[in-house]
Amino acid sequence: MNQRFITFLTVAEAGSFFDAAQQLFVSYQCVSAHVRSLEEEYGVKLVEHRPRFALTAEGQALLETLKKIRALEEGIAAELDGSGPEAKGHVTLGVPSARYTEIVPRIVPPFKKEYPHVELEVAYDYSNLLQNQVERGILDMAVVTQYNPRPQLNASVLLRDTYLFILSDRLLQVCVGSRAQEVDDLYKQNGITLEQMTQFPIVTYPVGSRLRSVMDEYTAQTGRKFHTVFASNRTEVLDALARTDMAGCIIPHQICGATLKNNKRQRQENRLHIYPIDFEGRLQNSTMALIWHKESALAPYKRYLMDLIGKRFAEYQKFEQRLE
């Protein structure tokens, strides 16, 4: 991009000739001369100065074109400077708070092995906040639950998320008595409903999470309350908590592999029951997706990270076979 276009782009984004001059380390007169030269060459007025600074329709059209050119140039630079083990750069990834300990250990080691000189920064938050940060350019990409399409974002579906209820055999017998075997067979075949979950003490998720919102809405509609022991989104501790016989726990199927492995190490009577949860249509959007901004330049190391995330999530698709 030539200097005149760079100058106009800086003026348009700064909203001021004076501020643009400071950013470019040139004089006000130099900035003005570059913009005037463009106006003369194309025979249009690009900027209005009164009553306040504003782009004309032609100026706005030129701005949009120059932004596309800049994105293309940044993409070319990324292509040429972002591949191979010696590549340097920085990439920011967002993951949901409740999935941090499940996702990060599977992603970071292989990425750093492939790109040891690229700085990988992983942030965690609620999915709606991560999505906003990708839109604003704070994050390069993010894994989100309950993805809501936005015109500025690209998305790749990773997983159709489902939830499971894990419960110790002792707690099942305490809560349903002699019906334990009958109830176990029923829940394994049909899943457990929210109404049926109200008879057990449970660990639920914090206020603000989508699962907590669904459960609070159910209570408001039906008057049935859950026997909540406490709330936590630290999913890595839920299996251990369920094995204390204190409460049943709700887990995403993504982390059920740990429960299955732990069950294999236990005697039959000490294994946790695993029941699919039937939300009866209340959990409408359960899509997990990888999102990134449509205008972002994707260096090879960023695309590698995206491919790596996709492969790791593909492993979770085998969950149903493992559960059987």
# chains A, B, ... in the order shown; residues from 1 in each chain; ligands from 1
call {"tool": "select_by_dssp", "arguments": {"residues": "stretch 68-263 of chain A", "states": "alpha helix (DSSP H)", "output": "ChimeraX atom specification"}}
result
/A:68-81,100-114,127-135,169-176,180-190,194-197,210-222,238-242,256-263
call {"tool": "residues_around", "arguments": {"residues": "stretch 194-202 of chain A", "least_positions_apart": "6", "cutoff": "6 Å", "atoms": "only C-alpha atoms", "output": "list of chain:residue names"}}
result
A:Phe226, A:His227, A:Thr228, A:Val229, A:Ala247, A:Gly248, A:Cys249
call {"tool": "write_last_selection", "arguments": {"atoms": "N, CA and C atoms", "output": "CSV table (one decimal), in the first residue's frame"}}
result
chain,number,residue,atom,x,y,z
A,226,PHE,N,-34.0,-27.9,43.5
A,226,PHE,CA,-32.9,-28.9,43.5
A,226,PHE,C,-32.3,-28.8,44.9
A,227,HIS,N,-31.8,-30.0,45.4
A,227,HIS,CA,-31.1,-30.0,46.7
A,227,HIS,C,-29.7,-29.8,46.4
A,228,THR,N,-29.3,-28.5,46.3
A,228,THR,CA,-27.9,-28.1,45.9
A,228,THR,C,-27.0,-28.1,47.1
A,229,VAL,N,-26.0,-28.9,47.1
A,229,VAL,CA,-25.0,-29.0,48.1
A,229,VAL,C,-24.0,-27.8,48.0
A,247,ALA,N,-22.9,-36.2,47.0
A,247,ALA,CA,-23.8,-35.6,46.0
A,247,ALA,C,-23.6,-36.2,44.6
A,248,GLY,N,-24.6,-36.1,43.8
A,248,GLY,CA,-24.5,-36.4,42.4
A,248,GLY,C,-24.0,-35.2,41.7
A,249,CYS,N,-23.3,-35.4,40.6
A,249,CYS,CA,-22.7,-34.3,39.8
A,249,CYS,C,-23.1,-34.3,38.4
call {"tool": "residues_around", "arguments": {"residues": "A:Thr287", "least_positions_apart": "2", "cutoff": "9 Å", "atoms": "only C-alpha atoms", "output": "list in words"}}
result
Val144, Thr145, Gln146, Tyr147, Val157, Leu158, Leu159, Arg160, Asp161, Asn285 and Ala289 of chain A
call {"tool": "select_by_dssp", "arguments": {"residues": "stretch 1-224 of chain A", "states": "strand (DSSP E or B)", "output": "ChimeraX atom specification"}}
result
/A:47-48,54-55,89-96,118-125,141-145,153-160,163-168,192-193,201-204
call {"tool": "write_last_selection", "arguments": {"atoms": "C-alpha atoms", "output": "compact mmCIF listing (two decimals), in the first residue's frame"}}
result
# COMPACT_ATOMS: atom_id res chain seq x y z
CA VAL A 47 -13.33 14.32 3.86
CA GLU A 48 -15.64 16.98 5.25
CA ALA A 54 -16.45 13.25 8.72
CA LEU A 55 -15.86 10.99 5.76
CA GLY A 89 4.55 -14.88 16.74
CA HIS A 90 1.76 -14.63 19.27
CA VAL A 91 -1.66 -16.27 19.38
CA THR A 92 -4.46 -15.89 21.92
CA LEU A 93 -7.02 -18.62 22.55
CA GLY A 94 -10.08 -18.45 24.78
CA VAL A 95 -11.69 -21.50 26.40
CA PRO A 96 -14.74 -21.84 28.67
CA VAL A 118 5.34 -18.86 19.18
CA GLU A 119 3.84 -17.42 22.35
CA LEU A 120 0.50 -19.08 23.13
CA GLU A 121 -1.75 -17.25 25.57
CA VAL A 122 -4.84 -19.06 26.86
CA ALA A 123 -7.62 -17.12 28.58
CA TYR A 124 -10.76 -18.49 30.20
CA ASP A 125 -14.18 -17.01 30.84
CA MET A 141 -9.94 -17.47 18.45
CA ALA A 142 -12.03 -19.19 21.13
CA VAL A 143 -13.76 -22.45 21.92
CA VAL A 144 -17.29 -21.60 23.03
CA THR A 145 -20.39 -23.45 24.16
CA LEU A 153 -17.31 -14.34 12.96
CA ASN A 154 -16.41 -17.61 11.31
CA ALA A 155 -17.26 -20.78 13.18
CA SER A 156 -16.37 -24.45 12.96
CA VAL A 157 -18.64 -26.83 14.90
CA LEU A 158 -16.58 -29.03 17.21
CA LEU A 159 -19.13 -30.98 19.19
CA ARG A 160 -22.82 -31.36 19.96
CA TYR A 163 -24.51 -33.69 29.85
CA LEU A 164 -24.40 -36.66 32.16
CA PHE A 165 -25.35 -37.24 35.79
CA ILE A 166 -22.84 -39.25 37.82
CA LEU A 167 -23.92 -40.80 41.09
CA SER A 168 -22.46 -43.30 43.56
CA ILE A 192 -32.68 -38.93 34.04
CA THR A 193 -34.98 -35.91 33.90
CA PRO A 201 -28.35 -33.90 46.54
CA ILE A 202 -26.33 -32.38 43.69
CA VAL A 203 -23.39 -30.16 42.86
CA THR A 204 -24.61 -27.53 40.42
call {"tool": "closest_residue", "arguments": {"among": "A:Tyr126, A:Trp292, A:Tyr275, A:Tyr115", "to": "A:Leu186", "atoms": "only C-alpha atoms"}}
result
A:Tyr275
call {"tool": "atom_distance", "arguments": {"atom1": "atom CA of A:Pro149", "atom2": "atom CA of A:Leu298"}}
result
20.2 Å
call {"tool": "closest_residue", "arguments": {"among": "A:Glu73, A:Glu86, A:Asp169, A:Glu64", "to": "A:Met246", "atoms": "only C-alpha atoms"}}
result
A:Asp169
call {"tool": "residues_around", "arguments": {"residues": "A:Val44", "least_positions_apart": "4", "cutoff": "9 Å", "atoms": "only C-alpha atoms", "output": "ChimeraX atom specification"}}
result
/A:38-40,58-59
call {"tool": "write_last_selection", "arguments": {"atoms": "all heavy atoms", "output": "tab-separated table (two decimals), in the first residue's frame"}}
result
chain	number	residue	atom	x	y	z
A	38	LEU	N	-5.02	12.64	-3.26
A	38	LEU	CA	-5.97	11.58	-3.62
A	38	LEU	C	-7.26	12.17	-4.17
A	38	LEU	O	-7.83	11.66	-5.14
A	38	LEU	CB	-6.26	10.71	-2.40
A	38	LEU	CG	-5.16	9.75	-1.94
A	38	LEU	CD1	-5.54	9.10	-0.61
A	38	LEU	CD2	-4.91	8.67	-2.99
A	39	GLU	N	-7.75	13.21	-3.51
A	39	GLU	CA	-8.99	13.86	-3.96
A	39	GLU	C	-8.84	14.41	-5.38
A	39	GLU	O	-9.75	14.27	-6.21
A	39	GLU	CB	-9.37	14.97	-2.99
A	39	GLU	CG	-9.82	14.45	-1.62
A	39	GLU	CD	-10.17	15.56	-0.66
A	39	GLU	OE1	-9.54	16.64	-0.74
A	39	GLU	OE2	-11.08	15.36	0.18
A	40	GLU	N	-7.70	14.98	-5.66
A	40	GLU	CA	-7.47	15.56	-6.99
A	40	GLU	C	-7.33	14.47	-8.05
A	40	GLU	O	-7.84	14.60	-9.17
A	40	GLU	CB	-6.21	16.43	-6.96
A	40	GLU	CG	-6.39	17.70	-6.14
A	40	GLU	CD	-5.09	18.47	-5.98
A	40	GLU	OE1	-4.03	17.96	-6.44
A	40	GLU	OE2	-5.11	19.57	-5.40
A	58	GLU	N	-17.80	8.76	-0.57
A	58	GLU	CA	-16.64	8.27	-1.32
A	58	GLU	C	-15.48	7.94	-0.38
A	58	GLU	O	-14.75	6.96	-0.58
A	58	GLU	CB	-16.20	9.31	-2.35
A	58	GLU	CG	-17.18	9.55	-3.49
A	58	GLU	CD	-18.35	10.46	-3.09
A	58	GLU	OE1	-18.34	10.98	-1.95
A	58	GLU	OE2	-19.24	10.63	-3.93
A	59	GLY	N	-15.32	8.77	0.65
A	59	GLY	CA	-14.27	8.52	1.63
A	59	GLY	C	-14.51	7.23	2.39
A	59	GLY	O	-13.58	6.46	2.66
